[in-house]
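**Q** Input file: start.txt. Contents: compact mmCIF, C-alpha atoms and all ligand atoms.
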# COMPACT_ATOMS: atom_id res chain seq x y z
CA MET A 1 -56.66 -87.80 -89.19
CA LYS A 2 -59.29 -87.96 -86.53
CA ASP A 3 -57.17 -90.23 -84.36
CA ARG A 4 -54.11 -88.06 -84.80
CA LEU A 5 -56.08 -84.98 -83.72
CA LEU A 6 -57.31 -86.73 -80.60
CA GLU A 7 -53.79 -87.97 -79.93
CA VAL A 8 -52.36 -84.43 -80.17
CA LYS A 9 -55.05 -83.23 -77.80
CA ALA A 10 -54.36 -85.97 -75.25
CA ARG A 11 -50.59 -85.42 -75.39
CA ALA A 12 -51.01 -81.66 -75.11
CA LEU A 13 -53.25 -81.84 -72.05
CA GLU A 14 -50.92 -84.35 -70.45
CA SER A 15 -47.85 -82.18 -71.05
CA PHE A 16 -49.66 -79.10 -69.67
CA GLY A 17 -50.43 -81.08 -66.54
CA LYS A 18 -46.74 -81.73 -65.94
CA VAL A 19 -45.29 -78.21 -66.25
CA LYS A 20 -44.05 -76.52 -63.09
CA ASP A 21 -44.26 -72.85 -63.97
CA LEU A 22 -45.41 -70.28 -66.49
CA LYS A 23 -42.21 -70.53 -68.48
CA GLU A 24 -42.57 -74.28 -68.94
CA LEU A 25 -46.24 -73.83 -69.79
CA ASP A 26 -45.33 -71.41 -72.53
CA GLU A 27 -42.76 -73.84 -73.91
CA ALA A 28 -45.42 -76.57 -73.98
CA ARG A 29 -47.81 -74.21 -75.76
CA VAL A 30 -45.24 -73.48 -78.46
CA ARG A 31 -44.72 -77.22 -78.98
CA VAL A 32 -48.44 -77.61 -79.81
CA LEU A 33 -49.73 -74.31 -81.14
CA GLY A 34 -46.51 -72.61 -82.31
CA LYS A 35 -45.62 -72.12 -85.95
CA LYS A 36 -43.95 -75.49 -86.03
CA GLY A 37 -46.28 -76.96 -83.36
CA GLU A 38 -47.96 -80.39 -83.62
CA LEU A 39 -51.49 -79.07 -84.08
CA THR A 40 -50.35 -76.40 -86.51
CA ALA A 41 -48.68 -79.09 -88.62
CA LEU A 42 -51.82 -81.22 -88.64
CA MET A 43 -54.00 -78.25 -89.62
CA LYS A 44 -51.68 -77.55 -92.53
CA GLY A 45 -52.29 -81.10 -93.76
CA MET A 46 -56.08 -80.51 -93.89
CA GLY A 47 -55.78 -79.23 -97.45
CA LYS A 48 -55.07 -82.76 -98.61
CA LEU A 49 -58.38 -84.12 -97.23
CA SER A 50 -61.28 -84.98 -99.51
CA LYS A 51 -64.29 -82.66 -99.73
CA GLU A 52 -66.48 -85.11 -97.82
CA GLU A 53 -64.02 -85.53 -94.96
CA ARG A 54 -63.14 -81.88 -94.55
CA PRO A 55 -66.22 -80.47 -92.64
CA ALA A 56 -66.22 -83.12 -89.93
CA ILE A 57 -62.47 -83.13 -89.47
CA GLY A 58 -62.45 -79.33 -89.63
CA GLN A 59 -64.98 -79.17 -86.83
CA LEU A 60 -63.05 -81.67 -84.75
CA ALA A 61 -59.83 -79.75 -85.30
CA ASN A 62 -61.53 -76.59 -84.01
CA GLU A 63 -62.86 -78.40 -80.96
CA VAL A 64 -59.41 -79.79 -80.22
CA ARG A 65 -57.86 -76.35 -80.56
CA THR A 66 -60.46 -74.79 -78.27
CA ALA A 67 -60.02 -77.50 -75.67
CA ILE A 68 -56.23 -77.04 -75.74
CA GLU A 69 -56.55 -73.27 -75.46
CA GLN A 70 -59.00 -73.48 -72.58
CA ASP A 71 -56.75 -75.86 -70.69
CA LEU A 72 -53.79 -73.56 -71.32
CA GLU A 73 -55.73 -70.57 -70.02
CA LYS A 74 -56.87 -72.46 -66.92
CA ARG A 75 -53.30 -73.46 -66.05
CA ARG A 76 -51.93 -69.98 -66.75
CA THR A 77 -54.47 -68.49 -64.33
CA GLN A 78 -53.53 -71.07 -61.72
CA PHE A 79 -49.83 -70.22 -61.97
CA GLU A 80 -50.55 -66.49 -61.83
CA GLU A 81 -52.69 -66.86 -58.72
CA GLN A 82 -50.01 -68.96 -57.10
CA ALA A 83 -47.40 -66.31 -57.90
CA VAL A 84 -49.53 -63.55 -56.38
CA ALA A 85 -50.18 -65.64 -53.27
CA ALA A 86 -46.47 -66.39 -52.88
CA LYS A 87 -45.60 -62.71 -53.31
CA LEU A 88 -48.18 -61.64 -50.73
CA LYS A 89 -46.85 -64.17 -48.29
CA LYS A 90 -43.29 -62.96 -48.78
CA GLU A 91 -44.26 -59.32 -48.37
CA LYS A 92 -46.44 -59.81 -45.32
CA ILE A 93 -45.93 -57.00 -42.82
CA ASP A 94 -45.26 -58.05 -39.27
CA VAL A 95 -47.20 -55.45 -37.34
CA THR A 96 -45.63 -56.61 -34.09
CA MET A 97 -42.12 -55.59 -35.23
CA PRO A 98 -40.75 -52.53 -33.42
CA GLY A 99 -41.03 -49.42 -35.62
CA LYS A 100 -38.28 -47.02 -36.61
CA LYS A 101 -37.93 -44.31 -33.99
CA SER A 102 -37.72 -40.78 -35.33
CA SER A 103 -35.54 -38.80 -33.00
CA LEU A 104 -37.24 -35.81 -31.41
CA GLY A 105 -35.46 -32.55 -30.77
CA HIS A 106 -35.08 -31.12 -27.31
CA ILE A 107 -36.40 -27.94 -25.74
CA HIS A 108 -33.57 -25.46 -25.30
CA PRO A 109 -32.96 -24.57 -21.64
CA MET A 110 -33.38 -20.89 -22.54
CA ASN A 111 -36.86 -21.63 -23.84
CA THR A 112 -37.73 -23.56 -20.70
CA VAL A 113 -36.72 -20.56 -18.60
CA ILE A 114 -38.58 -18.10 -20.84
CA GLU A 115 -41.72 -20.27 -20.68
CA ASP A 116 -41.48 -20.57 -16.89
CA ILE A 117 -41.06 -16.82 -16.46
CA LYS A 118 -43.91 -16.07 -18.87
CA ASN A 119 -46.20 -18.42 -16.94
CA ILE A 120 -45.36 -16.79 -13.63
CA PHE A 121 -46.30 -13.36 -14.96
CA ILE A 122 -49.35 -14.60 -16.84
CA GLY A 123 -50.46 -16.00 -13.48
CA MET A 124 -50.23 -12.46 -12.08
CA GLY A 125 -52.38 -11.07 -14.90
CA TYR A 126 -49.66 -9.80 -17.26
CA GLU A 127 -49.99 -9.97 -21.05
CA ILE A 128 -47.19 -10.78 -23.50
CA ALA A 129 -46.14 -7.99 -25.87
CA GLU A 130 -43.94 -8.36 -28.93
CA GLY A 131 -42.10 -5.83 -31.03
CA PRO A 132 -39.48 -5.41 -33.75
CA GLU A 133 -35.84 -6.35 -33.38
CA ILE A 134 -34.87 -3.66 -35.90
CA GLU A 135 -35.85 -0.63 -33.90
CA ASP A 136 -36.12 3.10 -34.44
CA ALA A 137 -33.53 4.98 -32.37
CA TYR A 138 -36.41 7.06 -31.06
CA TYR A 139 -37.92 4.06 -29.27
CA ASN A 140 -34.63 2.44 -28.31
CA PHE A 141 -33.08 5.64 -26.90
CA THR A 142 -34.74 9.05 -27.24
CA ALA A 143 -38.15 8.21 -25.79
CA LEU A 144 -36.40 6.39 -22.94
CA ASN A 145 -34.58 9.54 -21.88
CA ILE A 146 -31.35 8.50 -23.54
CA PRO A 147 -30.53 11.64 -25.54
CA LYS A 148 -28.09 12.08 -28.41
CA GLY A 149 -24.55 11.94 -27.05
CA HIS A 150 -25.36 9.36 -24.36
CA THR A 151 -22.68 6.64 -24.20
CA ALA A 152 -25.26 3.89 -24.79
CA ARG A 153 -25.71 5.28 -28.31
CA ASP A 154 -22.05 4.83 -29.13
CA GLU A 155 -21.40 3.06 -32.43
CA GLN A 156 -19.01 0.81 -30.54
CA ASP A 157 -21.95 -0.57 -28.55
CA THR A 158 -24.77 -0.58 -31.07
CA PHE A 159 -25.45 -2.13 -34.49
CA TYR A 160 -26.85 0.64 -36.65
CA VAL A 161 -28.71 -0.19 -39.83
CA GLU A 162 -27.89 1.82 -42.94
CA GLY A 163 -30.64 3.74 -44.69
CA GLU A 164 -32.89 6.71 -44.15
CA GLY A 165 -33.68 7.59 -40.57
CA GLU A 166 -31.86 6.15 -37.58
CA PHE A 167 -32.49 2.43 -37.17
CA LEU A 168 -30.60 -0.18 -35.19
CA LEU A 169 -30.82 -3.68 -33.79
CA ARG A 170 -32.47 -2.99 -30.44
CA THR A 171 -29.97 -2.95 -27.59
CA GLN A 172 -32.62 -3.65 -24.96
CA THR A 173 -36.29 -4.66 -24.70
CA SER A 174 -37.12 -1.34 -22.99
CA PRO A 175 -38.39 0.25 -26.25
CA MET A 176 -41.36 -2.07 -25.81
CA GLN A 177 -42.39 0.13 -22.86
CA ILE A 178 -42.81 3.05 -25.25
CA ARG A 179 -44.51 1.01 -27.98
CA VAL A 180 -47.05 -0.38 -25.52
CA MET A 181 -47.77 2.96 -23.84
CA GLU A 182 -48.29 4.61 -27.23
CA GLN A 183 -50.80 1.96 -28.23
CA ARG A 184 -52.81 1.39 -25.06
CA LYS A 185 -54.36 3.29 -22.25
CA PRO A 186 -53.63 2.29 -18.63
CA PRO A 187 -54.14 -0.02 -16.84
CA ILE A 188 -51.15 -1.67 -18.52
CA ARG A 189 -49.53 -4.85 -17.32
CA ILE A 190 -47.18 -6.50 -19.84
CA ILE A 191 -43.99 -8.46 -20.20
CA ALA A 192 -41.98 -8.47 -23.42
CA PRO A 193 -39.35 -11.17 -23.88
CA GLY A 194 -37.06 -11.08 -26.91
CA ARG A 195 -33.68 -10.90 -28.56
CA VAL A 196 -31.44 -7.88 -28.16
CA TYR A 197 -28.08 -6.97 -29.74
CA ARG A 198 -24.91 -5.24 -28.66
CA SER A 199 -21.56 -4.95 -30.32
CA ASP A 200 -19.72 -7.25 -27.90
CA ASP A 201 -17.09 -9.84 -28.72
CA VAL A 202 -18.02 -13.40 -27.86
CA ASP A 203 -16.57 -14.83 -24.67
CA ALA A 204 -17.77 -16.91 -21.70
CA THR A 205 -20.03 -14.10 -20.46
CA HIS A 206 -20.66 -11.96 -23.58
CA SER A 207 -22.45 -12.38 -26.85
CA PRO A 208 -23.51 -9.82 -29.50
CA ILE A 209 -26.97 -11.36 -29.33
CA PHE A 210 -28.77 -12.25 -26.16
CA HIS A 211 -32.25 -12.23 -24.59
CA GLN A 212 -34.00 -9.87 -22.23
CA LEU A 213 -37.40 -9.73 -20.66
CA GLU A 214 -39.04 -6.40 -20.03
CA GLY A 215 -41.91 -5.73 -17.67
CA LEU A 216 -44.18 -2.70 -17.41
CA VAL A 217 -47.09 -1.84 -15.15
CA VAL A 218 -48.92 1.49 -15.39
CA ASP A 219 -52.06 2.43 -13.49
CA LYS A 220 -53.39 4.93 -10.99
CA GLY A 221 -51.61 4.78 -7.63
CA ILE A 222 -48.80 2.35 -8.54
CA THR A 223 -45.94 2.65 -6.02
CA MET A 224 -42.51 1.23 -5.33
CA GLY A 225 -44.32 -1.14 -2.94
CA ASP A 226 -46.14 -2.71 -5.89
CA LEU A 227 -42.85 -3.10 -7.71
CA LYS A 228 -41.23 -4.82 -4.74
CA GLY A 229 -44.23 -7.06 -4.14
CA ALA A 230 -44.54 -8.22 -7.75
CA LEU A 231 -40.84 -8.90 -8.18
CA GLU A 232 -40.54 -10.71 -4.85
CA VAL A 233 -43.40 -13.04 -5.81
CA PHE A 234 -41.72 -13.60 -9.15
CA ALA A 235 -38.34 -14.47 -7.57
CA LYS A 236 -39.95 -16.90 -5.12
CA GLN A 237 -41.86 -18.66 -7.88
CA LEU A 238 -38.80 -18.95 -10.09
CA PHE A 239 -36.23 -19.95 -7.45
CA GLY A 240 -38.31 -21.30 -4.56
CA GLU A 241 -40.43 -20.07 -1.63
CA ASP A 242 -37.44 -19.45 0.66
CA THR A 243 -35.93 -16.94 -1.75
CA LYS A 244 -35.44 -13.42 -0.39
CA VAL A 245 -34.82 -10.31 -2.45
CA ARG A 246 -33.00 -7.05 -1.83
CA PHE A 247 -32.99 -3.79 -3.76
CA ARG A 248 -29.89 -1.64 -4.29
CA PRO A 249 -30.11 1.92 -5.59
CA HIS A 250 -28.97 2.27 -9.18
CA HIS A 251 -29.40 4.56 -12.16
CA PHE A 252 -31.36 4.04 -15.35
CA PRO A 253 -32.31 7.01 -17.52
CA PHE A 254 -35.96 5.92 -17.93
CA THR A 255 -36.80 5.15 -14.30
CA GLU A 256 -36.73 7.34 -11.18
CA PRO A 257 -35.96 6.09 -8.61
CA SER A 258 -34.09 3.10 -10.07
CA ALA A 259 -32.78 -0.04 -8.43
CA GLU A 260 -31.19 -3.38 -9.04
CA MET A 261 -32.71 -6.44 -7.46
CA ASP A 262 -30.72 -9.36 -6.08
CA ALA A 263 -32.18 -12.67 -4.93
CA THR A 264 -30.70 -15.00 -2.35
CA CYS A 265 -28.68 -17.65 -4.13
CA PHE A 266 -30.93 -20.60 -4.92
CA ALA A 267 -27.93 -22.94 -4.92
CA CYS A 268 -26.73 -22.28 -1.34
CA GLY A 269 -29.72 -20.45 0.13
CA GLY A 270 -27.58 -17.40 0.91
CA LYS A 271 -24.65 -19.02 2.67
CA GLY A 272 -22.22 -18.38 -0.16
CA CYS A 273 -21.03 -20.75 -2.87
CA ARG A 274 -19.52 -20.88 -6.34
CA VAL A 275 -22.76 -19.88 -8.09
CA CYS A 276 -23.06 -16.62 -6.13
CA LYS A 277 -19.29 -16.11 -5.87
CA ASP A 278 -19.54 -16.45 -2.05
CA SER A 279 -21.78 -13.39 -1.66
CA GLY A 280 -25.02 -15.30 -0.96
CA TRP A 281 -26.81 -13.08 -3.51
CA ILE A 282 -27.32 -13.21 -7.24
CA GLU A 283 -28.02 -10.12 -9.31
CA MET A 284 -31.32 -10.54 -11.13
CA LEU A 285 -32.64 -7.42 -12.79
CA GLY A 286 -32.86 -3.67 -13.15
CA CYS A 287 -36.04 -1.87 -12.21
CA GLY A 288 -37.60 1.40 -11.13
CA MET A 289 -40.57 3.72 -11.26
CA VAL A 290 -41.28 4.85 -14.81
CA HIS A 291 -39.80 8.35 -15.26
CA PRO A 292 -42.54 11.04 -15.50
CA LYS A 293 -40.95 12.36 -18.70
CA VAL A 294 -41.29 8.92 -20.30
CA LEU A 295 -44.99 8.72 -19.36
CA GLU A 296 -45.58 12.23 -20.65
CA ARG A 297 -43.90 11.49 -23.99
CA CYS A 298 -46.36 8.63 -24.49
CA GLY A 299 -49.36 10.83 -23.71
CA ILE A 300 -49.93 9.48 -20.22
CA ASP A 301 -50.43 12.13 -17.52
CA PRO A 302 -47.85 11.51 -14.75
CA LYS A 303 -50.03 13.42 -12.29
CA VAL A 304 -52.77 10.81 -12.70
CA TYR A 305 -50.81 7.66 -13.49
CA SER A 306 -47.63 6.06 -12.28
CA GLY A 307 -45.89 2.83 -13.12
CA PHE A 308 -42.95 0.54 -12.60
CA ALA A 309 -40.71 -1.25 -15.05
CA PHE A 310 -38.10 -3.95 -14.90
CA GLY A 311 -35.72 -5.68 -17.27
CA MET A 312 -33.61 -8.79 -16.93
CA GLY A 313 -31.07 -10.75 -18.93
CA LEU A 314 -32.37 -14.26 -19.59
CA GLU A 315 -29.05 -15.96 -20.36
CA ARG A 316 -27.75 -15.20 -16.90
CA VAL A 317 -30.86 -16.58 -15.21
CA THR A 318 -30.62 -19.73 -17.34
CA MET A 319 -26.92 -20.20 -16.62
CA GLN A 320 -27.43 -19.77 -12.91
CA ARG A 321 -30.41 -22.05 -12.79
CA TYR A 322 -28.70 -24.93 -14.60
CA GLY A 323 -25.13 -24.30 -13.44
CA ILE A 324 -23.90 -23.54 -16.98
CA ASN A 325 -20.52 -21.81 -16.84
CA ASP A 326 -20.07 -20.64 -20.42
CA LEU A 327 -22.55 -18.47 -22.33
CA ARG A 328 -21.35 -19.88 -25.66
CA LEU A 329 -22.87 -23.26 -24.83
CA LEU A 330 -26.32 -21.69 -25.09
CA PHE A 331 -25.74 -20.65 -28.71
CA GLU A 332 -23.79 -23.59 -30.11
CA ASN A 333 -26.82 -25.91 -30.24
CA ASP A 334 -24.82 -29.04 -29.53
CA VAL A 335 -27.50 -31.69 -28.99
CA LYS A 336 -25.27 -33.55 -26.52
CA PHE A 337 -25.21 -30.43 -24.38
CA LEU A 338 -28.91 -29.57 -24.78
CA LYS A 339 -30.07 -33.09 -23.91
CA GLN A 340 -28.82 -32.68 -20.35
CA PHE A 341 -31.59 -30.30 -19.38
N1 LIG A 401 -32.91 -1.95 -20.29
C1 LIG A 401 -32.00 -2.07 -19.17
C2 LIG A 401 -30.69 -2.67 -19.66
O1 LIG A 401 -30.64 -3.21 -20.72
C3 LIG A 401 -32.59 -2.94 -18.09
C4 LIG A 401 -33.70 -2.26 -17.35
C5 LIG A 401 -33.45 -1.51 -16.22
C6 LIG A 401 -34.99 -2.32 -17.80
C7 LIG A 401 -34.45 -0.91 -15.49
C8 LIG A 401 -36.01 -1.69 -17.10
C9 LIG A 401 -35.72 -0.98 -15.95
O2 LIG A 401 -37.28 -1.73 -17.48
O3 LIG A 401 -36.71 -0.38 -15.26
O4 LIG A 401 -29.74 -2.61 -18.97
Re-express the file's structure as structure tokens.

**A**
Amino acid sequence: MKDRLLEVKARALESFGKVKDLKELDEARVRVLGKKGELTALMKGMGKLSKEERPAIGQLANEVRTAIEQDLEKRRTQFEEQAVAAKLKKEKIDVTMPGKKSSLGHIHPMNTVIEDIKNIFIGMGYEIAEGPEIEDAYYNFTALNIPKGHTARDEQDTFYVEGEGEFLLRTQTSPMQIRVMEQRKPPIRIIAPGRVYRSDDVDATHSPIFHQLEGLVVDKGITMGDLKGALEVFAKQLFGEDTKVRFRPHHFPFTEPSAEMDATCFACGGKGCRVCKDSGWIEMLGCGMVHPKVLERCGIDPKVYSGFAFGMGLERVTMQRYGINDLRLLFENDVKFLKQF
């Protein structure tokens, strides 16, 4: 019995030494320790031993079992460690490999122009003002000297909002003049860029939604000379030092006198080309001295204070600057188009 136990042990350890993986190790274990295993069979035969033999053989059998189990455990750990090492090696990250590029968006040319214009005016000490796109008709029209019955109020031109009171999508940024003058005391120096809406059908030069930028300066002793000076500096900074400006008389209900300002064409320098339709000039903005009635309505005494205002369409400036010939391109958000600027 003793010899057979030692034999089983020797064979078991030898067979464990030959296995190549965990699966084979488990098969070898079953052959020795399983229900029908060699050691199990021997142990079953212990009942037939004499009383004198039993303790010594019993002890030996236990030692053999422990030795076999310890060897099994040792080999299992070895295989497991090998497996982990192999897995780590396979999954090693090559930090020198080029990464996946996430594609960045692109700044819209309109935003570039708006930022440039903002920076020019901030440089001259202006602040940025913001206001609602759904506007009270009082601010959009009445307070700006555009009374009931004025053609600008026509339903054909304006998106009215249903409900109590008279509200609409603002048709211009000029209501910001009123909002600012109601809230602050002069000196006032602001610009207000933003979206405006008019009931126009979409074509190459029209869109029901577009952008304007309003400007307003109110202080003691502001004259038309200040208006011309500020806007000339602005035009030169936006289009280049050689730019010249000219003012043509015009009419706006909320300014008196009113004018439109043209700048020499930045593409041809004034000689005449496709951009300026051979005139040498491009129309830039409307402007004027704030009407005394408008000041008065906002609680500013026109005998003490005066001011100038201006407003410009930003799509046109953008299209001229980048040579874009169709307004729709600015709203379609085609990345292939936007990436050119
Ligand atoms: N709001 C005018 C428009 O949409 C533009 C304008 C003209 C604004 C003269 C002004 C201004 O501030 O003084 O046509």

**Q** Any idea what's packed within 7 Å of Met312 in chain A, counting only C-alpha atoms, ignoring anything in its chain fewer than 5 positions away? Could you give it as an NGL selection string?

**A** :A and (212-214 or 284-286)

**Q** Kindly compile the residues surrounding ligand LIG 401 (chain A) within 6 Å, counting all atoms listed in the file, and format them as a list in words.

**A**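 Using all atoms listed in the file, everything at most 6 Å from ligand LIG 401 (chain A) comes to Gln172, Ser174, Glu214, Phe252, Thr255, Gly286, Cys287, Gly288, Ala309, Phe310 and Gly311 of chain A.
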
**Q** Which is closer to Ile122 in chain A than all the others in A:Tyr138, A:Phe16, A:Phe331, A:Phe234, using only C-alpha atoms?

**A** A:Phe234

**Q** Pick from A:Arg198, A:Lys74, A:Lys293, A:His251: nearest to Tyr160 in chain A, with only C-alpha atoms counted?

**A**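 Among the listed residues, A:Arg198 lies closest to Tyr160 in chain A.
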
**Q** I want to know what sits within 8 Å of range 228-233 of chain A, based on all atoms listed in the file, with residues of the same chain fewer than 4 positions away left out; could you give that as a list in words?

**A**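 Near neighbours after the sequence-gap exclusion: Met224, Gln237, Lys244 and Val245 of chain A.
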
**Q** Measuring atom to atom with only C-alpha atoms, identify which of A:Lys220, A:Val19, A:Pro193, A:Arg76 is nearest to Met110 in chain A.

**A**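 For Met110 in chain A, the nearest of the given residues is A:Pro193.
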
**Q** Quick one: residues within 8 Å of range 296-298 of chain A, all atoms listed in the file counted, chain neighbours fewer than 4 positions away excluded, as a list in words?

**A**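 In the requested format, the answer is Ala143, Ile178, Met181, Glu182, Pro292 and Pro302 of chain A.
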
**Q** Please, could you write that set of residues out with C-alpha atoms as a compact mmCIF listing (two decimals), in the coordinates of the input?

**A**
# COMPACT_ATOMS: atom_id res chain seq x y z
CA ALA A 143 -38.15 8.21 -25.79
CA ILE A 178 -42.81 3.05 -25.25
CA MET A 181 -47.77 2.96 -23.84
CA GLU A 182 -48.29 4.61 -27.23
CA PRO A 292 -42.54 11.04 -15.50
CA PRO A 302 -47.85 11.51 -14.75

**Q** With a cut-off of 9 Å, could you pull out the residues of range 24-45 of chain A touching range 2-14 of chain A and give me the nearest pair of atoms for each, distance in Å to one decimal, using only C-alpha atoms, ordered by chain and ascending number, as a Markdown table?

**A**
| residue | atom | partner | partner_atom | distance |
| --- | --- | --- | --- | --- |
| A:Ala28 | CA | A:Ala12 | CA | 7.6 |
| A:Arg29 | CA | A:Ala12 | CA | 8.1 |
| A:Arg31 | CA | A:Ala12 | CA | 8.6 |
| A:Val32 | CA | A:Ala12 | CA | 6.7 |
| A:Glu38 | CA | A:Val8 | CA | 6.9 |
| A:Leu39 | CA | A:Val8 | CA | 6.7 |
| A:Leu42 | CA | A:Leu5 | CA | 7.5 |

**Q** Give the answer as one residue: which of A:Val113, A:Ala85, A:Val196, A:Met46 has the shortest atom-to-atom distance to Leu60 in chain A, using all atoms listed in the file?

**A** A:Met46

**Q** Please report the interatomic distance between CA of Arg195 in chain A and CA of Phe210 in chain A in Å with one decimal.

**A**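 CA of Phe210 in chain A lies at a distance of 5.6 Å from CA of Arg195 in chain A.
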